[in-house]
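Colleague: Just coords_9.txt, nothing more (compact mmCIF, C-alpha atoms):
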```txt
# COMPACT_ATOMS: atom_id res chain seq x y z
CA MET A 1 -18.33 -12.81 38.16
CA GLY A 2 -15.96 -15.30 36.49
CA LEU A 3 -15.54 -15.82 32.78
CA ASP A 4 -17.61 -18.50 31.09
CA PRO A 5 -15.47 -21.66 30.61
CA ASN A 6 -17.06 -22.22 27.18
CA LEU A 7 -16.07 -18.74 26.07
CA ILE A 8 -12.53 -19.24 27.30
CA ALA A 9 -12.31 -22.56 25.44
CA ALA A 10 -13.67 -21.03 22.24
CA VAL A 11 -11.21 -18.14 22.33
CA PHE A 12 -8.34 -20.53 23.07
CA TRP A 13 -9.08 -22.84 20.15
CA LEU A 14 -9.62 -19.96 17.76
CA GLY A 15 -6.32 -18.43 18.83
CA PHE A 16 -4.55 -21.76 18.59
CA SER A 17 -5.95 -22.41 15.12
CA ALA A 18 -4.87 -18.95 13.98
CA LEU A 19 -1.34 -19.50 15.31
CA VAL A 20 -1.04 -22.83 13.50
CA LEU A 21 -2.26 -21.33 10.24
CA LEU A 22 0.16 -18.43 10.52
CA ILE A 23 3.09 -20.74 11.17
CA LEU A 24 2.16 -22.89 8.16
CA LEU A 25 1.88 -19.85 5.90
CA ILE A 26 5.25 -18.47 7.00
CA ALA A 27 6.89 -21.89 6.66
CA ARG A 28 5.48 -22.32 3.18
CA GLY A 29 6.83 -18.92 2.18
CA ARG A 30 10.32 -19.70 3.47
CA THR A 31 10.49 -23.09 1.77
CA GLY A 32 9.58 -21.56 -1.58
CA VAL A 33 6.25 -23.32 -2.00
CA ARG A 34 4.09 -21.37 -4.40
CA SER A 35 1.54 -19.19 -2.65
CA ALA A 36 -2.03 -18.82 -3.76
CA GLU A 37 -2.77 -16.23 -6.40
CA THR A 38 -3.21 -12.77 -4.92
CA ARG A 39 -6.53 -11.03 -5.22
CA GLN A 40 -6.81 -9.23 -8.52
CA LEU A 41 -7.73 -5.59 -8.07
CA THR A 42 -8.76 -3.41 -10.99
CA ALA A 43 -6.85 -0.47 -9.53
CA PHE A 44 -3.46 -2.17 -9.93
CA ARG A 45 -4.16 -4.46 -12.87
CA ASP A 46 -2.82 -2.00 -15.45
CA LEU A 47 -0.02 -0.58 -13.33
CA ARG A 48 2.79 -2.59 -14.92
CA ARG A 49 1.52 -1.61 -18.36
CA ILE A 50 1.51 2.06 -17.36
CA VAL A 51 5.09 1.72 -16.11
CA GLY A 52 6.14 0.20 -19.42
CA GLU A 53 4.39 2.92 -21.41
CA SER A 54 6.03 5.64 -19.35
CA ALA A 55 9.43 4.14 -20.09
CA GLU A 56 8.65 3.98 -23.81
CA LYS A 57 7.78 7.67 -23.74
CA GLY A 58 11.00 8.46 -21.90
CA GLY A 59 9.00 9.78 -18.96
CA THR A 60 8.58 8.80 -15.36
CA ILE A 61 5.97 8.37 -12.63
CA HIS A 62 5.17 10.62 -9.71
CA ILE A 63 4.45 8.65 -6.53
CA ALA A 64 2.78 10.52 -3.67
CA LEU A 65 3.12 8.67 -0.35
CA GLY A 66 0.97 11.00 1.75
CA SER A 67 1.39 12.71 5.09
CA GLY A 68 1.37 9.66 7.36
CA GLY A 69 4.50 8.71 9.28
CA ILE A 70 6.03 5.36 10.21
CA ALA A 71 4.53 5.63 13.69
CA GLY A 72 1.02 6.29 14.87
CA GLU A 73 -2.35 5.44 13.38
CA ASP A 74 -1.22 5.90 9.77
CA ALA A 75 1.79 3.58 10.03
CA MET A 76 0.19 0.60 8.26
CA VAL A 77 -1.13 2.76 5.44
CA SER A 78 2.35 4.23 4.94
CA LEU A 79 3.88 0.74 4.91
CA ALA A 80 1.47 -0.26 2.14
CA GLY A 81 2.72 2.71 0.16
CA PHE A 82 6.32 1.60 0.61
CA GLN A 83 5.50 -1.87 -0.64
CA LEU A 84 4.13 -0.42 -3.85
CA LEU A 85 7.10 1.95 -4.15
CA GLU A 86 9.48 -1.00 -3.89
CA ALA A 87 7.63 -2.84 -6.64
CA LEU A 88 7.55 0.14 -8.99
CA ALA A 89 11.10 1.31 -8.27
CA ALA A 90 12.48 -2.04 -9.39
CA ASP A 91 10.95 -1.71 -12.87
CA LEU A 92 11.51 2.02 -13.28
CA VAL A 93 15.19 1.78 -12.35
CA SER A 94 15.61 -1.04 -14.84
CA TYR A 95 14.21 1.26 -17.52
CA ARG A 96 16.52 4.07 -16.34
CA THR A 97 13.44 6.21 -15.59
CA PRO A 98 13.42 6.44 -11.77
CA PRO A 99 10.24 7.73 -10.11
CA ILE A 100 9.71 11.12 -8.55
CA VAL A 101 8.59 10.48 -4.97
CA THR A 102 7.03 13.05 -2.66
CA VAL A 103 6.34 12.63 1.07
CA GLY A 104 4.59 14.80 3.63
CA ASP A 105 6.23 13.44 6.77
CA PRO A 106 9.97 13.72 7.52
CA THR A 107 10.12 10.15 8.84
CA LEU A 108 9.18 8.87 5.38
CA LEU A 109 12.04 10.63 3.59
CA PRO A 110 15.03 8.42 4.55
CA TRP A 111 12.96 5.27 4.18
CA ALA A 112 11.79 6.16 0.68
CA GLN A 113 15.33 7.11 -0.30
CA ASP A 114 16.55 3.74 0.99
CA VAL A 115 13.96 1.87 -1.07
CA LEU A 116 15.10 3.68 -4.20
CA ARG A 117 18.78 3.20 -3.36
CA ARG A 118 18.33 -0.55 -2.91
CA ALA A 119 16.57 -0.76 -6.27
CA TYR A 120 19.66 0.76 -7.93
CA GLU A 121 22.07 -1.47 -6.01
CA ALA A 122 20.12 -4.62 -6.92
CA ARG A 123 20.74 -3.82 -10.59
CA ASP A 124 24.37 -2.76 -10.18
CA LEU A 125 23.47 0.87 -10.91
CA ALA A 126 24.41 2.33 -7.54
CA ASP A 127 26.43 5.11 -9.18
CA LEU A 128 23.25 6.44 -10.83
CA TYR A 129 21.29 6.74 -7.60
CA ASP A 130 20.05 10.27 -6.90
CA PRO A 131 18.53 10.86 -3.44
CA ASN A 132 16.94 14.07 -4.72
CA ARG A 133 14.39 11.96 -6.60
CA VAL A 134 12.64 11.74 -3.20
CA SER A 135 11.39 15.03 -1.76
CA PHE A 136 9.96 15.99 1.61
CA VAL A 137 7.48 18.73 0.69
CA ALA A 138 5.77 19.97 3.86
CA PRO A 139 4.50 18.59 7.19
CA SER A 140 0.99 20.01 6.75
CA PRO A 141 -1.34 17.76 4.67
CA VAL A 142 -2.73 20.66 2.66
CA ALA A 143 0.69 22.24 2.09
CA TYR A 144 2.09 18.84 1.13
CA ALA A 145 -0.67 18.21 -1.41
CA ALA A 146 -0.23 21.68 -2.92
CA GLY A 147 3.53 21.21 -3.17
CA ALA A 148 3.29 17.68 -4.57
CA ALA A 149 0.90 18.96 -7.24
CA GLN A 150 3.64 21.21 -8.57
CA PHE A 151 5.80 18.18 -9.40
CA LEU A 152 3.12 17.14 -11.89
CA ASP A 153 3.89 20.22 -13.99
CA SER A 154 7.05 18.51 -15.17
CA GLU A 155 6.82 17.26 -18.74
CA ASP A 156 8.71 14.14 -17.68
CA VAL A 157 5.80 12.94 -15.51
CA VAL A 158 3.43 10.79 -17.56
CA ALA A 159 1.61 8.99 -14.72
CA ASN A 160 0.55 9.75 -11.16
CA VAL A 161 0.29 7.22 -8.31
CA VAL A 162 -1.29 8.23 -5.02
CA ILE A 163 -1.07 5.80 -2.10
CA GLY A 164 -0.83 6.50 1.61
CA ALA A 165 -2.44 8.65 4.28
CA PHE A 166 -4.53 11.34 2.61
CA GLY A 167 -7.66 13.36 3.29
CA ALA A 168 -9.76 15.57 1.06
CA GLU A 169 -6.63 17.61 0.23
CA VAL A 170 -5.59 14.85 -2.20
CA SER A 171 -7.81 16.62 -4.76
CA LEU A 172 -5.02 19.18 -5.22
CA ILE A 173 -2.79 16.41 -6.57
CA THR A 174 -5.38 14.66 -8.72
CA GLU A 175 -6.63 17.91 -10.25
CA ALA A 176 -3.08 18.82 -11.28
CA ALA A 177 -2.69 15.41 -12.91
CA SER A 178 -6.08 15.71 -14.63
CA ARG A 179 -5.13 19.08 -16.14
CA ARG A 180 -2.17 17.45 -17.84
CA GLY A 181 -4.13 14.35 -18.82
CA VAL A 182 -1.73 11.88 -17.19
CA SER A 183 -2.82 8.41 -16.07
CA GLN A 184 -3.75 8.13 -12.41
CA ILE A 185 -3.85 5.25 -9.94
CA ALA A 186 -4.87 5.81 -6.34
CA ALA A 187 -5.28 3.88 -3.10
CA ALA A 188 -6.56 5.31 0.16
CA ALA A 189 -8.19 4.23 3.40
CA ALA A 190 -9.70 7.45 4.78
CA PRO A 191 -13.34 8.05 3.72
CA GLN A 192 -12.59 11.71 2.92
CA ALA A 193 -9.84 10.70 0.50
CA ILE A 194 -11.90 7.94 -1.10
CA GLY A 195 -14.79 10.33 -1.71
CA THR A 196 -12.43 12.79 -3.36
CA LEU A 197 -10.58 10.20 -5.45
CA TYR A 198 -13.63 8.29 -6.68
CA PRO A 199 -14.55 10.75 -9.46
CA ALA A 200 -10.91 11.48 -10.27
CA THR A 201 -9.80 8.03 -11.45
CA GLU A 202 -11.21 4.66 -12.47
CA HIS A 203 -8.17 2.98 -10.92
CA LEU A 204 -8.99 3.32 -7.22
CA ALA A 205 -8.28 0.87 -4.39
CA MET A 206 -10.41 1.54 -1.33
CA GLY A 207 -9.94 0.57 2.30
CA GLU A 208 -8.33 -2.83 2.81
CA GLU A 209 -7.63 -3.16 -0.93
CA LEU A 210 -4.77 -0.74 -0.36
CA PHE A 211 -2.85 -3.41 1.56
CA ALA A 212 -2.85 -5.76 -1.44
CA ALA A 213 -0.97 -3.27 -3.64
CA GLY A 214 2.55 -4.52 -2.96
CA ALA A 215 1.63 -8.21 -3.22
CA GLN A 216 -0.26 -7.87 -6.50
CA THR A 217 2.19 -5.52 -8.19
CA SER A 218 5.47 -7.13 -7.14
CA GLY A 219 4.55 -10.77 -6.51
CA LEU A 220 7.27 -10.87 -3.83
CA ARG A 221 6.83 -13.86 -1.54
CA ARG A 222 7.06 -11.84 1.67
CA TYR A 223 4.26 -9.54 0.57
CA VAL A 224 2.06 -12.37 -0.68
CA THR A 225 2.55 -14.24 2.60
CA SER A 226 1.76 -11.09 4.56
CA LEU A 227 -1.45 -10.70 2.57
CA GLU A 228 -2.44 -14.28 3.27
CA VAL A 229 -1.77 -13.78 6.98
CA GLN A 230 -4.04 -10.72 6.97
CA ASP A 231 -6.80 -12.77 5.35
CA VAL A 232 -6.42 -15.53 7.93
CA LEU A 233 -6.56 -13.08 10.81
CA ARG A 234 -9.64 -11.46 9.33
CA VAL A 235 -11.44 -14.83 9.15
CA VAL A 236 -10.36 -15.72 12.67
CA LEU A 237 -11.58 -12.39 14.01
CA VAL A 238 -14.98 -12.81 12.37
CA ALA A 239 -15.20 -16.38 13.70
CA ALA A 240 -14.35 -15.19 17.21
CA ILE A 241 -17.06 -12.53 17.08
CA LEU A 242 -19.64 -15.02 15.83
CA ALA A 243 -18.60 -17.55 18.48
CA SER A 244 -18.92 -15.00 21.29
CA VAL A 245 -22.36 -13.94 20.02
CA LEU A 246 -23.51 -17.58 19.82
CA ILE A 247 -22.25 -18.35 23.32
CA ALA A 248 -23.94 -15.24 24.69
CA PHE A 249 -27.18 -16.26 22.95
CA LEU A 250 -27.02 -19.80 24.34
CA ARG A 251 -26.34 -18.51 27.84
CA GLY A 252 -29.37 -16.26 27.63
CA SER A 253 -31.65 -19.01 26.32
CA PRO A 254 -34.03 -20.62 28.89
```
Spit out the file's structure as structure tokens when you get a sec.
Modeller:
Amino acid sequence: MGLDPNLIAAVFWLGFSALVLLILLIARGRTGVRSAETRQLTAFRDLRRIVGESAEKGGTIHIALGSGGIAGEDAMVSLAGFQLLEALAADLVSYRTPPIVTVGDPTLLPWAQDVLRRAYEARDLADLYDPNRVSFVAPSPVAYAAGAAQFLDSEDVVANVVIGAFGAEVSLITEAASRRGVSQIAAAAAPQAIGTLYPATEHLAMGEELFAAGAQTSGLRRYVTSLEVQDVLRVVLVAAILASVLIAFLRGSP
């Protein structure tokens, strides 16, 4: 049985419209045209303030990037974590209070170190860069969370940021932060992690909100454009589903 010509036409025009919109968004970003305001999320609204307060106290921030790698099903979640790390590293390095970063996958280690190194180089502070500020703790999620929690015992840590691939084991990190009374901001996609983080902090980004972290915190054009592209693709996908349902309904009508 051949495909319905109407369905083919609908899919084609939806795909074509999406391609045009994506090209326009990318072109606008490259020409420097101001992008629309990014979605304001409560979880990240106070993040810059927390960074400033940590610098005033002479402390730093612990950033836990989770156990996801740069390949596989957790790749996009890990990339969202790196976007936020880039945004925070820029400010923290400027204040001479670089973050403490922990990762639970060996593929994340060199990438996180590179993000921190570039933050130093951008401010002509390359001689102060210390790769040991980024630590690979353990490949097991539970062992990683337990090890990352120990970094929160440092008196220098005045805030805790959790973003990346986590499960219920993230409670080991948040409980350690709660015992010391440090501020906490978290973002996760897995339901197990969200359920665990919900009572632990008022600053929680859930599901797709995680992918807006870098755009909202840094305001970098490439992240804002990426966020807009995601929104366009989401609308196009919903439109395609509705169109296919409508066509199927019309075909079945007498």
Colleague: Name the residues in contact with segment 118-127 of chain A at a cut-off of 8 Å, using only C-alpha atoms, excluding same-chain residues fewer than 2 positions from it; report them as a ChimeraX atom specification.
Modeller: /A:86,89-90,93-94,114-116,129
Colleague: For the residues selected in the previous step, produce a file with C-alpha atoms as a CSV table (one decimal), keeping the file's coordinate frame.
Modeller:
```csv
chain,number,residue,atom,x,y,z
A,86,GLU,CA,9.5,-1.0,-3.9
A,89,ALA,CA,11.1,1.3,-8.3
A,90,ALA,CA,12.5,-2.0,-9.4
A,93,VAL,CA,15.2,1.8,-12.4
A,94,SER,CA,15.6,-1.0,-14.8
A,114,ASP,CA,16.6,3.7,1.0
A,115,VAL,CA,14.0,1.9,-1.1
A,116,LEU,CA,15.1,3.7,-4.2
A,129,TYR,CA,21.3,6.7,-7.6
```
Colleague: Which distance in Å separates atom CA of Leu84 of chain A and atom CA of Val182 of chain A, to one decimal?
Modeller: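 Separation of atom CA of Leu84 of chain A and atom CA of Val182 of chain A: 19.1 Å.
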Colleague: Which polymer residues, whether protein, DNA or RNA, lie within 8 Å of the coordinate (10.2, 4.4, 7.2) when you count only C-alpha atoms? List them as a PDB file with C-alpha atoms, keeping the file's coordinate frame, using the chain letters and numbers from the file.
Modeller:
```pdb
ATOM      1  CA  GLY A  69       4.500   8.710   9.280  1.00  0.00           C
ATOM      2  CA  ILE A  70       6.030   5.360  10.210  1.00  0.00           C
ATOM      3  CA  LEU A  79       3.880   0.740   4.910  1.00  0.00           C
ATOM      4  CA  THR A 107      10.120  10.150   8.840  1.00  0.00           C
ATOM      5  CA  LEU A 108       9.180   8.870   5.380  1.00  0.00           C
ATOM      6  CA  LEU A 109      12.040  10.630   3.590  1.00  0.00           C
ATOM      7  CA  PRO A 110      15.030   8.420   4.550  1.00  0.00           C
ATOM      8  CA  TRP A 111      12.960   5.270   4.180  1.00  0.00           C
ATOM      9  CA  ALA A 112      11.790   6.160   0.680  1.00  0.00           C
TER      10      ALA A 112
END
```
Colleague: Using only C-alpha atoms, can you tell me which of A:Gln83, A:Thr174, A:Ala189, A:Thr201 comes closest to Ala145 of chain A?
Modeller: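 With only C-alpha atoms as the atom set, the closest residue is A:Thr174.
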Colleague: Can you measure atom CA of Arg117 of chain A to atom CA of Tyr144 of chain A for me? One decimal in Å is fine.
Modeller: 23.3 Å
Colleague: I need the residue nearest Arg48 of chain A from this list: A:Ala239, A:Ala143, A:Ala213, A:Gly167. Use only C-alpha atoms for the distance.
Modeller: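 Among the listed residues, A:Ala213 lies closest to Arg48 of chain A.
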Colleague: Kindly add N, CA and C atoms to the incomplete segment 94-118 of chain A and provide the output as a compact mmCIF listing (two decimals), keeping the file's coordinate frame.
Modeller:
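Here's the written file out-v1.txt:
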```txt
# COMPACT_ATOMS: atom_id res chain seq x y z
N SER A 94 15.15 -0.20 -13.74
CA SER A 94 15.61 -1.04 -14.84
C SER A 94 15.47 -0.32 -16.18
N TYR A 95 14.43 0.49 -16.30
CA TYR A 95 14.21 1.26 -17.52
C TYR A 95 15.01 2.56 -17.54
N ARG A 96 15.76 2.82 -16.49
CA ARG A 96 16.52 4.07 -16.34
C ARG A 96 15.59 5.30 -16.29
N THR A 97 14.39 5.10 -15.76
CA THR A 97 13.44 6.21 -15.59
C THR A 97 12.94 6.18 -14.14
N PRO A 98 13.80 6.53 -13.18
CA PRO A 98 13.42 6.44 -11.77
C PRO A 98 12.23 7.33 -11.44
N PRO A 99 11.42 6.94 -10.45
CA PRO A 99 10.24 7.73 -10.11
C PRO A 99 10.59 9.02 -9.39
N ILE A 100 9.65 9.94 -9.41
CA ILE A 100 9.71 11.12 -8.55
C ILE A 100 8.80 10.83 -7.37
N VAL A 101 9.34 10.85 -6.17
CA VAL A 101 8.59 10.48 -4.97
C VAL A 101 8.45 11.69 -4.07
N THR A 102 7.24 11.95 -3.60
CA THR A 102 7.03 13.05 -2.66
C THR A 102 6.41 12.50 -1.37
N VAL A 103 6.85 13.05 -0.23
CA VAL A 103 6.34 12.63 1.07
C VAL A 103 5.97 13.87 1.88
N GLY A 104 5.02 13.69 2.80
CA GLY A 104 4.59 14.80 3.63
C GLY A 104 4.91 14.62 5.09
N ASP A 105 5.79 13.67 5.40
CA ASP A 105 6.23 13.44 6.77
C ASP A 105 7.73 13.19 6.74
N PRO A 106 8.50 13.87 7.59
CA PRO A 106 9.97 13.72 7.52
C PRO A 106 10.46 12.32 7.81
N THR A 107 9.68 11.51 8.55
CA THR A 107 10.12 10.15 8.84
C THR A 107 10.06 9.26 7.60
N LEU A 108 9.29 9.66 6.60
CA LEU A 108 9.18 8.87 5.38
C LEU A 108 10.35 9.11 4.42
N LEU A 109 11.00 10.26 4.55
CA LEU A 109 12.04 10.63 3.59
C LEU A 109 13.20 9.64 3.54
N PRO A 110 13.89 9.34 4.65
CA PRO A 110 15.03 8.42 4.55
C PRO A 110 14.61 7.02 4.13
N TRP A 111 13.43 6.61 4.54
CA TRP A 111 12.96 5.27 4.18
C TRP A 111 12.71 5.17 2.68
N ALA A 112 12.04 6.17 2.11
CA ALA A 112 11.79 6.16 0.68
C ALA A 112 13.10 6.23 -0.11
N GLN A 113 14.03 7.04 0.37
CA GLN A 113 15.33 7.11 -0.30
C GLN A 113 16.04 5.75 -0.25
N ASP A 114 15.91 5.04 0.86
CA ASP A 114 16.55 3.74 0.99
C ASP A 114 15.93 2.73 0.03
N VAL A 115 14.62 2.77 -0.13
CA VAL A 115 13.96 1.87 -1.07
C VAL A 115 14.49 2.10 -2.48
N LEU A 116 14.60 3.36 -2.87
CA LEU A 116 15.10 3.68 -4.20
C LEU A 116 16.57 3.30 -4.36
N ARG A 117 17.35 3.55 -3.30
CA ARG A 117 18.78 3.20 -3.36
C ARG A 117 18.97 1.70 -3.54
N ARG A 118 18.20 0.91 -2.80
CA ARG A 118 18.33 -0.55 -2.91
C ARG A 118 17.91 -1.06 -4.29
```
